[in-house]
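Visitor: If it helps, the file is called entry_7.cif and holds mmCIF, C-alpha atoms and all ligand atoms:
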data_run
loop_
_atom_site.label_atom_id
_atom_site.label_comp_id
_atom_site.auth_asym_id
_atom_site.auth_seq_id
_atom_site.Cartn_x
_atom_site.Cartn_y
_atom_site.Cartn_z
CA MET A 1 -115.22 -174.80 -87.62
CA ASN A 2 -116.96 -178.09 -88.05
CA LYS A 3 -114.30 -180.67 -87.33
CA ASN A 4 -115.95 -183.41 -89.34
CA LYS A 5 -116.26 -181.17 -92.37
CA SER A 6 -112.50 -180.76 -92.50
CA VAL A 7 -111.98 -184.44 -93.13
CA GLU A 8 -114.67 -184.75 -95.78
CA ALA A 9 -113.59 -185.63 -99.27
CA GLU A 10 -114.32 -183.40 -102.24
CA ILE A 11 -114.23 -186.27 -104.68
CA ILE A 12 -114.47 -190.01 -104.19
CA LEU A 13 -113.27 -192.38 -106.85
CA ALA A 14 -115.48 -195.33 -106.03
CA GLY A 15 -115.37 -199.07 -106.64
CA GLY A 16 -112.33 -199.33 -108.89
CA ARG A 17 -109.64 -201.99 -108.95
CA ILE A 18 -106.78 -199.99 -107.43
CA ILE A 19 -103.35 -201.05 -108.59
CA ASP A 20 -100.60 -199.39 -106.57
CA PRO A 21 -97.18 -200.90 -107.22
CA SER A 22 -95.53 -199.03 -104.32
CA SER A 23 -97.65 -200.89 -101.74
CA ARG A 24 -97.87 -204.03 -103.89
CA SER A 25 -101.60 -203.69 -103.63
CA ASP A 26 -104.25 -204.72 -106.14
CA LYS A 27 -107.66 -204.38 -104.48
CA ILE A 28 -111.13 -203.01 -105.06
CA GLY A 29 -111.54 -199.78 -103.14
CA ASP A 30 -112.63 -196.17 -102.86
CA ILE A 31 -110.15 -193.30 -103.03
CA TYR A 32 -111.08 -190.16 -101.09
CA ILE A 33 -109.58 -186.92 -102.42
CA ARG A 34 -109.36 -183.51 -100.79
CA ASP A 35 -107.34 -180.35 -101.47
CA GLY A 36 -105.68 -182.02 -104.43
CA LYS A 37 -104.32 -184.83 -102.28
CA ILE A 38 -105.27 -188.39 -101.52
CA LEU A 39 -107.07 -188.35 -98.18
CA LYS A 40 -107.52 -192.08 -97.71
CA ILE A 41 -107.98 -195.37 -99.48
CA GLU A 42 -110.90 -197.45 -98.23
CA THR A 43 -110.91 -201.11 -99.17
CA LYS A 44 -113.34 -202.44 -96.55
CA LYS A 45 -116.43 -200.24 -96.19
CA LEU A 46 -117.12 -199.48 -99.83
CA ILE A 47 -119.76 -197.04 -101.05
CA PRO A 48 -122.73 -199.05 -102.33
CA LYS A 49 -123.03 -198.97 -106.10
CA LYS A 50 -126.56 -197.55 -106.10
CA ARG A 51 -125.41 -194.43 -104.21
CA ILE A 52 -122.82 -193.60 -106.84
CA ARG A 53 -125.27 -192.62 -109.58
CA PHE A 54 -126.94 -189.95 -107.48
CA SER A 55 -123.87 -188.29 -105.99
CA PRO A 56 -122.10 -185.75 -108.19
CA GLU A 57 -118.94 -185.87 -106.06
CA ILE A 58 -118.56 -189.59 -106.61
CA ILE A 59 -116.83 -190.88 -109.73
CA ASP A 60 -117.96 -194.32 -110.78
CA ALA A 61 -114.88 -196.50 -111.20
CA TYR A 62 -116.69 -199.87 -111.05
CA ASP A 63 -115.16 -202.38 -113.50
CA LYS A 64 -112.34 -199.91 -114.10
CA ILE A 65 -108.67 -200.00 -113.18
CA VAL A 66 -107.36 -197.12 -111.08
CA THR A 67 -103.61 -196.48 -111.16
CA PRO A 68 -101.23 -193.77 -110.05
CA GLY A 69 -101.18 -191.07 -112.73
CA LEU A 70 -99.00 -192.28 -115.60
CA ILE A 71 -95.60 -190.64 -116.06
CA ASP A 72 -93.98 -190.24 -119.46
CA MET A 73 -90.30 -189.63 -118.87
CA HIS A 74 -89.55 -188.99 -122.54
CA THR A 75 -91.71 -186.49 -124.41
CA HIS A 76 -90.80 -183.98 -127.10
CA LEU A 77 -92.82 -180.80 -127.02
CA ARG A 78 -91.93 -178.30 -129.72
CA GLU A 79 -92.15 -175.09 -127.75
CA PRO A 80 -90.19 -172.90 -128.16
CA GLY A 81 -89.58 -172.96 -131.89
CA ARG A 82 -92.09 -175.22 -133.62
CA GLU A 83 -95.38 -174.31 -132.01
CA ASP A 84 -97.07 -175.32 -135.29
CA GLU A 85 -96.23 -178.96 -134.38
CA GLU A 86 -96.85 -178.98 -130.61
CA THR A 87 -96.94 -176.55 -127.73
CA ILE A 88 -96.53 -177.27 -124.06
CA PHE A 89 -100.30 -176.86 -123.73
CA THR A 90 -101.33 -179.06 -126.69
CA GLY A 91 -98.79 -181.69 -125.67
CA SER A 92 -100.32 -181.70 -122.21
CA THR A 93 -103.85 -182.19 -123.64
CA ALA A 94 -102.55 -185.18 -125.61
CA ALA A 95 -100.84 -186.46 -122.47
CA VAL A 96 -103.96 -186.41 -120.30
CA ALA A 97 -105.98 -188.03 -123.11
CA GLY A 98 -103.41 -190.81 -122.94
CA GLY A 99 -103.67 -191.09 -119.14
CA PHE A 100 -100.43 -189.25 -118.34
CA THR A 101 -100.43 -186.85 -115.41
CA SER A 102 -96.71 -186.01 -115.62
CA ILE A 103 -94.52 -185.66 -118.68
CA CYS A 104 -90.84 -184.87 -118.98
CA CYS A 105 -89.94 -182.74 -121.96
CA MET A 106 -86.68 -183.13 -123.80
CA PRO A 107 -84.45 -180.14 -124.46
CA ASN A 108 -84.12 -180.26 -128.25
CA THR A 109 -86.37 -177.28 -128.88
CA GLU A 110 -85.38 -174.21 -130.90
CA PRO A 111 -83.55 -172.72 -129.08
CA PRO A 112 -82.73 -175.70 -126.85
CA ILE A 113 -83.38 -175.90 -123.11
CA ASP A 114 -79.73 -175.50 -122.14
CA ASN A 115 -79.80 -172.59 -119.66
CA GLN A 116 -81.62 -171.48 -116.52
CA GLU A 117 -83.96 -169.08 -118.33
CA ALA A 118 -85.12 -171.79 -120.71
CA VAL A 119 -85.90 -174.15 -117.80
CA LYS A 120 -87.86 -171.35 -116.11
CA PHE A 121 -89.73 -170.69 -119.38
CA ILE A 122 -90.94 -174.32 -119.47
CA TYR A 123 -92.16 -174.11 -115.87
CA ALA A 124 -93.91 -170.79 -116.54
CA LYS A 125 -95.72 -172.25 -119.56
CA ALA A 126 -96.45 -175.46 -117.67
CA LYS A 127 -98.56 -173.52 -115.16
CA ASN A 128 -101.36 -173.49 -117.75
CA ALA A 129 -100.83 -177.05 -118.90
CA MET A 130 -103.33 -179.85 -118.27
CA CYS A 131 -100.72 -182.02 -116.56
CA LYS A 132 -97.39 -181.59 -114.81
CA VAL A 133 -94.51 -180.84 -117.14
CA TYR A 134 -90.92 -181.35 -116.01
CA PRO A 135 -88.02 -180.13 -118.14
CA VAL A 136 -85.03 -182.27 -118.95
CA ALA A 137 -82.19 -179.83 -119.65
CA GLY A 138 -79.37 -180.12 -122.15
CA ALA A 139 -76.13 -181.73 -121.05
CA THR A 140 -74.11 -179.63 -123.48
CA LYS A 141 -74.51 -176.07 -124.74
CA GLY A 142 -76.70 -175.94 -127.82
CA LEU A 143 -76.81 -179.77 -127.58
CA LYS A 144 -73.68 -179.66 -129.68
CA GLY A 145 -71.78 -182.17 -127.57
CA GLU A 146 -68.83 -179.82 -127.12
CA GLU A 147 -69.15 -177.89 -123.87
CA LEU A 148 -71.06 -178.81 -120.71
CA THR A 149 -74.02 -176.69 -119.67
CA GLU A 150 -74.11 -175.01 -116.23
CA ILE A 151 -75.60 -178.04 -114.55
CA ALA A 152 -75.76 -176.38 -111.11
CA ASP A 153 -77.91 -173.55 -112.54
CA LEU A 154 -80.13 -175.97 -114.41
CA VAL A 155 -80.73 -178.00 -111.25
CA LYS A 156 -81.51 -174.82 -109.31
CA ALA A 157 -84.12 -173.90 -111.91
CA GLY A 158 -85.72 -177.33 -111.59
CA ALA A 159 -84.28 -179.51 -114.37
CA ILE A 160 -85.05 -183.11 -113.42
CA ALA A 161 -82.38 -184.77 -115.57
CA ILE A 162 -79.87 -183.82 -118.21
CA SER A 163 -79.70 -185.11 -121.74
CA ASP A 164 -78.79 -184.15 -125.30
CA ASP A 165 -81.59 -186.43 -126.54
CA GLY A 166 -82.09 -186.33 -130.26
CA LYS A 167 -78.34 -186.60 -130.41
CA PRO A 168 -75.76 -188.66 -128.55
CA ILE A 169 -72.94 -187.16 -126.54
CA HIS A 170 -70.25 -188.43 -128.88
CA ASN A 171 -67.19 -187.24 -127.03
CA SER A 172 -66.51 -189.74 -124.25
CA ALA A 173 -64.64 -187.18 -122.13
CA ILE A 174 -67.68 -184.86 -122.23
CA MET A 175 -69.94 -187.77 -121.32
CA ARG A 176 -67.66 -188.56 -118.41
CA SER A 177 -67.87 -184.96 -117.18
CA ALA A 178 -71.66 -184.90 -117.65
CA LEU A 179 -71.90 -188.02 -115.48
CA GLU A 180 -69.57 -186.59 -112.83
CA TYR A 181 -71.42 -183.28 -112.56
CA SER A 182 -74.88 -184.83 -112.58
CA LYS A 183 -73.74 -187.22 -109.85
CA MET A 184 -73.13 -184.23 -107.57
CA TYR A 185 -76.86 -183.46 -107.82
CA ASP A 186 -78.00 -187.07 -107.91
CA LEU A 187 -79.52 -186.57 -111.37
CA PRO A 188 -79.42 -189.17 -114.09
CA VAL A 189 -77.92 -188.46 -117.48
CA ILE A 190 -80.43 -189.67 -120.05
CA SER A 191 -78.42 -191.03 -122.93
CA HIS A 192 -79.51 -191.26 -126.55
CA CYS A 193 -77.11 -194.01 -127.62
CA GLU A 194 -76.12 -193.73 -131.24
CA ASP A 195 -72.70 -193.86 -132.85
CA LEU A 196 -73.28 -191.27 -135.54
CA ILE A 197 -70.46 -192.59 -137.69
CA LEU A 198 -71.99 -196.08 -137.72
CA SER A 199 -75.56 -194.83 -138.20
CA SER A 200 -74.47 -192.24 -140.74
CA ASP A 201 -77.29 -191.33 -143.12
CA GLY A 202 -79.19 -194.50 -142.26
CA VAL A 203 -82.97 -194.22 -142.38
CA MET A 204 -84.11 -197.62 -141.10
CA ASN A 205 -82.83 -200.78 -139.43
CA GLU A 206 -79.94 -202.38 -141.30
CA GLY A 207 -80.96 -205.88 -142.29
CA PHE A 208 -82.91 -207.95 -144.77
CA VAL A 209 -85.73 -205.43 -145.24
CA SER A 210 -83.41 -202.46 -145.81
CA THR A 211 -81.54 -204.50 -148.44
CA VAL A 212 -84.78 -205.45 -150.21
CA LEU A 213 -86.02 -201.84 -150.16
CA GLY A 214 -82.66 -200.36 -151.08
CA LEU A 215 -82.73 -197.99 -148.11
CA ARG A 216 -79.66 -197.11 -146.06
CA GLY A 217 -79.52 -199.05 -142.81
CA ILE A 218 -78.67 -198.20 -139.20
CA PRO A 219 -76.95 -201.24 -137.66
CA SER A 220 -77.81 -202.48 -134.16
CA ALA A 221 -74.17 -201.88 -133.30
CA ALA A 222 -74.65 -198.11 -133.66
CA GLU A 223 -76.76 -198.28 -130.48
CA GLU A 224 -74.89 -201.06 -128.70
CA VAL A 225 -71.36 -199.65 -128.87
CA MET A 226 -72.57 -196.45 -127.21
CA ILE A 227 -74.45 -198.36 -124.51
CA ALA A 228 -71.29 -200.36 -123.85
CA ARG A 229 -69.33 -197.11 -123.57
CA ASP A 230 -71.91 -195.56 -121.24
CA ILE A 231 -71.85 -198.66 -119.05
CA LYS A 232 -68.07 -198.38 -118.72
CA LEU A 233 -68.21 -194.65 -117.97
CA THR A 234 -71.01 -195.13 -115.43
CA GLU A 235 -69.09 -197.89 -113.71
CA PHE A 236 -66.02 -195.67 -113.65
CA THR A 237 -67.74 -192.50 -112.39
CA LYS A 238 -70.28 -194.31 -110.15
CA ALA A 239 -72.88 -191.91 -111.52
CA LYS A 240 -76.40 -192.70 -112.81
CA VAL A 241 -77.19 -193.23 -116.45
CA HIS A 242 -80.58 -193.84 -118.00
CA ILE A 243 -80.58 -195.28 -121.51
CA ALA A 244 -83.37 -193.88 -123.66
CA HIS A 245 -85.39 -195.94 -126.16
CA VAL A 246 -83.55 -199.28 -126.06
CA SER A 247 -84.30 -201.09 -129.31
CA THR A 248 -82.04 -204.11 -129.84
CA GLU A 249 -81.44 -207.54 -128.38
CA GLY A 250 -77.78 -206.70 -127.85
CA SER A 251 -78.68 -203.56 -125.89
CA VAL A 252 -80.96 -205.48 -123.53
CA ASN A 253 -78.21 -208.06 -122.95
CA LEU A 254 -75.60 -205.37 -122.22
CA ILE A 255 -77.88 -203.62 -119.71
CA ARG A 256 -78.87 -206.88 -118.02
CA GLU A 257 -75.21 -207.74 -117.53
CA ALA A 258 -74.38 -204.24 -116.23
CA LYS A 259 -77.23 -204.40 -113.71
CA ARG A 260 -75.97 -207.76 -112.53
CA LYS A 261 -72.65 -206.07 -111.77
CA GLY A 262 -74.43 -203.39 -109.71
CA ILE A 263 -73.80 -200.52 -112.13
CA LYS A 264 -76.40 -197.73 -111.69
CA ILE A 265 -78.03 -198.05 -115.06
CA THR A 266 -81.71 -197.83 -115.89
CA CYS A 267 -83.46 -197.85 -119.24
CA GLU A 268 -86.72 -197.44 -121.07
CA VAL A 269 -88.42 -198.93 -124.09
CA THR A 270 -91.04 -197.25 -126.28
CA PRO A 271 -94.37 -198.83 -127.24
CA HIS A 272 -93.49 -198.60 -130.95
CA HIS A 273 -90.28 -200.57 -130.49
CA PHE A 274 -92.13 -203.53 -128.96
CA SER A 275 -95.16 -203.26 -131.28
CA LEU A 276 -93.71 -202.86 -134.79
CA THR A 277 -90.90 -204.41 -136.80
CA ASP A 278 -88.98 -202.95 -139.75
CA GLU A 279 -91.38 -204.89 -142.01
CA VAL A 280 -93.81 -201.94 -141.79
CA ILE A 281 -91.32 -199.79 -143.72
CA LYS A 282 -92.27 -201.84 -146.82
CA THR A 283 -95.17 -199.40 -147.24
CA PHE A 284 -92.70 -196.50 -147.07
CA ASP A 285 -94.85 -194.94 -144.34
CA THR A 286 -92.68 -192.06 -143.12
CA ASN A 287 -94.63 -192.09 -139.82
CA ALA A 288 -92.80 -195.32 -139.03
CA LYS A 289 -89.42 -193.63 -139.51
CA VAL A 290 -88.06 -193.32 -135.99
CA ASN A 291 -84.68 -193.10 -134.32
CA PRO A 292 -83.59 -195.63 -133.16
CA PRO A 293 -85.29 -197.46 -136.01
CA LEU A 294 -87.90 -200.20 -135.72
CA ARG A 295 -86.01 -203.46 -135.51
CA THR A 296 -86.77 -207.16 -136.05
CA ARG A 297 -89.02 -209.79 -134.48
CA LYS A 298 -85.99 -211.16 -132.62
CA ASP A 299 -85.31 -207.75 -131.08
CA ILE A 300 -88.96 -207.43 -130.00
CA GLU A 301 -88.73 -210.82 -128.29
CA ALA A 302 -85.61 -209.61 -126.44
CA LEU A 303 -87.33 -206.36 -125.40
CA LYS A 304 -90.25 -208.38 -124.04
CA LYS A 305 -87.87 -210.61 -122.11
CA GLY A 306 -86.20 -207.47 -120.73
CA LEU A 307 -89.57 -206.06 -119.70
CA LYS A 308 -90.47 -209.31 -117.96
CA ASP A 309 -87.21 -209.82 -116.05
CA GLY A 310 -86.79 -206.21 -114.89
CA THR A 311 -83.87 -205.31 -117.16
CA ILE A 312 -86.10 -202.62 -118.63
CA ASP A 313 -87.32 -200.19 -115.96
CA CYS A 314 -89.74 -197.93 -117.79
CA ILE A 315 -91.99 -197.58 -120.77
CA ALA A 316 -91.75 -194.09 -122.29
CA THR A 317 -93.31 -192.70 -125.46
CA ASP A 318 -90.56 -190.63 -127.14
CA HIS A 319 -93.56 -188.61 -128.41
CA ALA A 320 -92.06 -186.66 -131.33
CA PRO A 321 -94.55 -184.48 -133.19
CA HIS A 322 -93.90 -183.52 -136.83
CA SER A 323 -96.10 -181.62 -139.27
CA ILE A 324 -97.78 -183.34 -142.23
CA GLU A 325 -95.65 -181.24 -144.63
CA GLU A 326 -92.44 -182.45 -143.01
CA LYS A 327 -93.46 -186.11 -143.11
CA ASP A 328 -95.15 -186.01 -146.53
CA VAL A 329 -91.87 -186.38 -148.42
CA GLU A 330 -89.69 -189.23 -149.67
CA PHE A 331 -88.69 -191.71 -146.96
CA ASP A 332 -85.04 -190.63 -147.09
CA ALA A 333 -85.90 -186.98 -146.51
CA ALA A 334 -88.50 -187.34 -143.72
CA PRO A 335 -87.59 -186.48 -140.12
CA PHE A 336 -87.49 -189.21 -137.46
CA GLY A 337 -90.28 -189.50 -134.89
CA LEU A 338 -93.89 -190.37 -134.18
CA VAL A 339 -96.57 -189.13 -131.80
CA GLY A 340 -97.04 -191.61 -128.99
CA LEU A 341 -98.88 -190.11 -126.04
CA GLU A 342 -102.36 -191.16 -127.13
CA THR A 343 -101.55 -194.71 -128.24
CA ALA A 344 -99.06 -195.77 -125.56
CA LEU A 345 -101.50 -197.22 -123.03
CA GLY A 346 -103.56 -199.06 -125.67
CA LEU A 347 -100.40 -200.61 -127.13
CA ILE A 348 -99.16 -201.66 -123.70
CA ILE A 349 -102.50 -203.30 -122.85
CA THR A 350 -102.89 -204.92 -126.28
CA GLU A 351 -99.31 -206.05 -126.91
CA LEU A 352 -98.03 -206.75 -123.40
CA ILE A 353 -100.86 -207.32 -120.92
CA GLU A 354 -103.40 -209.10 -123.15
CA LYS A 355 -100.62 -211.27 -124.60
CA LYS A 356 -99.49 -212.09 -121.06
CA VAL A 357 -95.96 -210.76 -121.54
CA ILE A 358 -96.25 -208.77 -118.31
CA SER A 359 -98.93 -208.31 -115.66
CA TRP A 360 -100.98 -205.17 -114.97
CA THR A 361 -98.88 -204.46 -111.89
CA GLU A 362 -95.64 -204.82 -113.84
CA ALA A 363 -96.88 -202.52 -116.60
CA ILE A 364 -98.11 -199.89 -114.15
CA THR A 365 -94.81 -200.06 -112.24
CA MET A 366 -92.95 -199.18 -115.44
CA LEU A 367 -95.34 -196.31 -116.13
CA THR A 368 -95.48 -194.81 -112.64
CA LEU A 369 -93.30 -195.93 -109.75
CA ASN A 370 -90.10 -196.57 -111.70
CA PRO A 371 -89.93 -193.28 -113.63
CA ALA A 372 -90.85 -191.43 -110.40
CA LYS A 373 -87.96 -193.13 -108.59
CA ILE A 374 -85.44 -192.48 -111.39
CA LEU A 375 -86.39 -188.80 -111.60
CA ARG A 376 -87.22 -188.36 -107.91
CA LEU A 377 -90.72 -187.05 -108.60
CA ASN A 378 -93.32 -186.79 -105.87
CA ALA A 379 -95.63 -189.04 -107.88
CA GLY A 380 -96.29 -192.60 -108.87
CA GLN A 381 -97.98 -193.85 -105.69
CA ILE A 382 -101.51 -194.12 -104.38
CA LYS A 383 -101.00 -193.23 -100.74
CA ALA A 384 -102.62 -190.85 -98.25
CA GLY A 385 -100.93 -187.46 -98.47
CA MET A 386 -99.66 -187.92 -102.02
CA PRO A 387 -100.88 -185.60 -104.79
CA ALA A 388 -104.12 -187.00 -106.21
CA ASP A 389 -102.71 -187.78 -109.66
CA LEU A 390 -104.70 -190.76 -110.87
CA THR A 391 -105.60 -192.57 -114.07
CA VAL A 392 -108.81 -194.54 -114.51
CA ILE A 393 -108.69 -197.14 -117.28
CA ASP A 394 -111.41 -199.18 -118.94
CA PRO A 395 -109.48 -202.36 -119.71
CA GLU A 396 -112.20 -203.97 -121.82
CA VAL A 397 -113.13 -201.32 -124.37
CA SER A 398 -111.84 -201.82 -127.92
CA TRP A 399 -111.13 -198.86 -130.17
CA VAL A 400 -109.52 -197.99 -133.46
CA VAL A 401 -106.67 -195.46 -133.68
CA GLU A 402 -107.76 -192.38 -135.65
CA PRO A 403 -104.90 -189.86 -135.70
CA LYS A 404 -107.20 -187.08 -136.84
CA GLU A 405 -108.95 -187.35 -133.49
CA PHE A 406 -105.71 -186.90 -131.53
CA LYS A 407 -105.47 -183.93 -129.20
CA SER A 408 -101.84 -183.57 -130.23
CA LYS A 409 -101.26 -180.89 -132.87
CA SER A 410 -99.39 -183.45 -134.95
CA LYS A 411 -100.83 -186.65 -136.41
CA ASN A 412 -97.70 -188.58 -137.40
CA SER A 413 -98.70 -192.02 -136.15
CA PRO A 414 -98.00 -195.32 -137.93
CA PHE A 415 -100.82 -196.90 -135.88
CA SER A 416 -103.70 -195.37 -137.86
CA GLY A 417 -106.50 -197.95 -138.19
CA ARG A 418 -104.97 -200.28 -135.59
CA LYS A 419 -107.46 -201.90 -133.22
CA LEU A 420 -106.42 -201.55 -129.59
CA LYS A 421 -107.86 -202.72 -126.31
CA GLY A 422 -108.11 -200.54 -123.21
CA LYS A 423 -108.61 -196.82 -122.94
CA VAL A 424 -108.40 -194.05 -120.40
CA CYS A 425 -111.75 -192.90 -119.00
CA TYR A 426 -110.58 -190.31 -116.45
CA THR A 427 -107.31 -188.53 -115.86
CA ILE A 428 -107.05 -186.70 -112.55
CA VAL A 429 -104.28 -184.21 -111.74
CA ASP A 430 -104.04 -182.76 -108.21
CA GLY A 431 -107.59 -183.92 -107.55
CA LYS A 432 -109.08 -182.26 -110.65
CA ILE A 433 -110.59 -184.18 -113.53
CA VAL A 434 -108.57 -182.92 -116.50
CA TYR A 435 -109.77 -185.50 -118.99
CA GLN A 436 -112.80 -187.69 -119.26
CA ILE A 437 -114.08 -189.76 -122.09
ZN ZN B 501 -83.39 -190.08 -128.61
ZN ZN B 502 -86.39 -188.54 -127.89
#
Now, as a test, write the supplied structure out as structure tokens.
Ligand SMILES: [Zn+2]
Ligand SMILES: [Zn+2]

Guide:
Amino acid sequence: MNKNKSVEAEIILAGGRIIDPSSRSDKIGDIYIRDGKILKIETKKLIPKKRIRFSPEIIDAYDKIVTPGLIDMHTHLREPGREDEETIFTGSTAAVAGGFTSICCMPNTEPPIDNQEAVKFIYAKAKNAMCKVYPVAGATKGLKGEELTEIADLVKAGAIAISDDGKPIHNSAIMRSALEYSKMYDLPVISHCEDLILSSDGVMNEGFVSTVLGLRGIPSAAEEVMIARDIKLTEFTKAKVHIAHVSTEGSVNLIREAKRKGIKITCEVTPHHFSLTDEVIKTFDTNAKVNPPLRTRKDIEALKKGLKDGTIDCIATDHAPHSIEEKDVEFDAAPFGLVGLETALGLIITELIEKKVISWTEAITMLTLNPAKILRLNAGQIKAGMPADLTVIDPEVSWVVEPKEFKSKSKNSPFSGRKLKGKVCYTIVDGKIVYQI
């Protein structure tokens, strides 16, 4: 065997600005890939630009940003049950078009992912997906909030977290048990914080706009009282909680305070919650009906402060596909949710990086290293020996959101026609190009 051959790369990603939060590095370099893994990162002897054009194994990343493959820790796929809205495969094609190489799917399918067989089903289907798909399993049977699932079995089958997302775990004693059991396996409980009695029948944020429109409101307190409860229970059990889709100023303040006390709490924010206020509901666009609801300018400012000071750990999409028929009804009757995989990166670049709210490194940390740490995924770093999951971004290109062009089966986006900056040009999973513009 030719010894030199064995160290040759199959693909070289050449000349990009490599941002790797784990090594705090932000340098121009070439990434050598072999057998699906990163072989080495060369930042000194770079491949000359003129060689790149004539070498099929070299990907031109000049003037592009290269990051660890993005991780979405909060995705709803609709398989099993509503394959007309999204399947594991179609969701994965949308993910890679958005630069995501790993997505974590929530258990509120029909039937829900609340047993070992269901977790295995997701992994079996994920074998044919374009990216890595990790199941989050239900915390309670049928996501009914009444009886805990067999967490040991779920962990054995590969569940990466437990959650009843879509619904809160209302019963505090059940939440306590969920935290205690998940602690035994070092898994986080991902908590959808909503006091259903306070939010009861609300369809948008409770405030000035809901009063003007005559729509029933969901008060900020519906989210905040449950976060306060979860903080207390997490402190008490010494377990790990991750708060999904934080949307209010009060929530950010509660989490900041809890972190200061050393409580093991992490949280995420969605791109729609920092990009849109409840003002957009004035058009009665049901695509902007989400749960938790879009809040106010003041809340957005607080979310941005939380992103900047590290209170918020991750940015996650809460991608929630719904059919046109389901959304094409009166505002009151429409389901909650929007598709977010293909607009997330553009919104982050346009609303956070371009407006100097956070830096590139901070944004990429919240999209890669932090979710990988919270979920203990072997991902989120550009390092020799790591799986070659990489995202190549053109930070300068401007584009207009056209939901009909989405790879997702569903088109329920309130961002139609919005001009965004920055787009994915290559998504690489285990050394294979799975998406290119
Ligand atoms: Zn939720
Ligand atoms: Zn969700």

Visitor: Taking only C-alpha atoms and all ligand atoms and a cut-off of 7 Å, can you tell me which residues surround ligand ZN 501 (chain B), written as a PyMOL selection string?

Guide: chain A and resi 165-167+192+244-245+291

Visitor: Have a look at CA of His272 (chain A) and CA of Asn378 (chain A) and let me know their distance in Å, one decimal.

Guide: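 Computed distance, CA of His272 (chain A) to CA of Asn378 (chain A), equals 27.7 Å.
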
Visitor: Anything within 12 Å of (-70.7, -187.1, -112.6): list those residues as JSON, numbers by chain, counting only C-alpha atoms and sticking to the file's coordinates.

Guide: {"A": [139, 148, 151, 152, 162, 173, 174, 175, 176, 177, 178, 179, 180, 181, 182, 183, 184, 185, 186, 187, 188, 189, 233, 234, 235, 236, 237, 238, 239, 240, 241]}

Visitor: Do you know which residues are within 7 Å of ligand ZN 502 (chain B) using only C-alpha atoms and all ligand atoms? Can you write them as a count of residues only?

Guide: 8

Visitor: Identify the residues around (-73.1, -200.7, -112.3) within a radius of 8 Å, measuring from all atoms listed in the file in the coordinates stated by the file, and give them as a short mmCIF file (atom, residue, chain, number, x, y, z; two decimals) with C-alpha atoms, keeping the file's coordinate frame.

Guide:
data_model
loop_
_atom_site.label_atom_id
_atom_site.label_comp_id
_atom_site.auth_asym_id
_atom_site.auth_seq_id
_atom_site.Cartn_x
_atom_site.Cartn_y
_atom_site.Cartn_z
CA ILE A 231 -71.85 -198.66 -119.05
CA THR A 234 -71.01 -195.13 -115.43
CA GLU A 235 -69.09 -197.89 -113.71
CA LYS A 238 -70.28 -194.31 -110.15
CA ALA A 258 -74.38 -204.24 -116.23
CA LYS A 259 -77.23 -204.40 -113.71
CA ARG A 260 -75.97 -207.76 -112.53
CA LYS A 261 -72.65 -206.07 -111.77
CA GLY A 262 -74.43 -203.39 -109.71
CA ILE A 263 -73.80 -200.52 -112.13
CA LYS A 264 -76.40 -197.73 -111.69
CA ILE A 265 -78.03 -198.05 -115.06
#

Visitor: Between A:Leu198, A:Ile169, A:Thr90, A:Thr283, which residue has the minimum interatomic distance to Leu213 (chain A), considering only C-alpha atoms?

Guide: A:Thr283

Visitor: Rounded to one decimal in Å, what is the spacing between CA of Glu405 (chain A) and CA of Ala333 (chain A)?

Guide: 26.5 Å

Visitor: Go through A:Asp328, A:Asp309, A:Asp35, A:Asp72 and flag the residue nearest Ala372 (chain A), using all atoms listed in the file for the distances.

Guide: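 The shortest atom-to-atom distance to Ala372 (chain A) comes from A:Asp72.
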
Visitor: Could you tell me which of A:Ser163, A:Thr361, A:Asn108, A:Thr93 comes closest to Gly81 (chain A) if we count all atoms listed in the file?

Guide: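 Among A:Ser163, A:Thr361, A:Asn108, A:Thr93, it is A:Asn108 that comes nearest to Gly81 (chain A).
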
Visitor: Given the choices A:Lys407, A:His319, A:Lys49, A:Lys282, which gets closest to Tyr435 (chain A) if the distance is worked out from only C-alpha atoms?

Guide: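 So, comparing all the options, the nearest one is A:Lys407.
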
Visitor: Would you mind listing, for every residue of region 87-180 of chain A within 12 Å of region 321-326 of chain A, the two atoms forming the shortest contact and the distance between them in Å to one decimal, using all atoms listed in the file, sorted by chain and ascending residue number, as a tab-separated table?

Guide:
residue	atom	partner	partner_atom	distance
A:Thr87	CA	A:Pro321	CA	9.9
A:Ile88	CA	A:Pro321	CA	11.8
A:Thr90	CA	A:Pro321	CA	10.8
A:Gly91	CA	A:Pro321	CA	9.1
A:Ala94	CA	A:Pro321	CA	11.0
A:Thr109	CA	A:Pro321	CA	11.7

Visitor: Calculate how many Å separate CA of Gly385 (chain A) from CA of Lys64 (chain A), rounding to one decimal.

Guide: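 Rounded to one decimal, the two atoms are 23.0 Å apart.
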
Visitor: If we count all atoms listed in the file, what is near Leu276 (chain A) at a cut-off of 9 Å, once residues fewer than 2 positions away on the same chain are taken out, given as a VMD selection string?

Guide: chain A and resid 271 to 274 278 to 280 288 294 to 297 300

Visitor: Nearest to Gly422 (chain A): which of A:Val434, A:Ile281, A:Ile65, A:Ala302 is it, counting only C-alpha atoms?

Guide: A:Ile65

Visitor: Point out the residue among A:Arg53, A:Arg418, A:Lys432, A:Lys383 with the least atom-to-atom distance to Ser25 (chain A), counting all atoms listed in the file.

Guide: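 The closest residue to Ser25 (chain A) is A:Lys383.
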
Visitor: Give me, as an MDAnalysis selection string, all polymer residues having an atom no more than 10 Å from Phe89 (chain A), counting only C-alpha atoms and skipping those fewer than 2 positions away in the same chain.

Guide: chainID A and resid 77 79 83 86:87 91:95 125:131 133 408
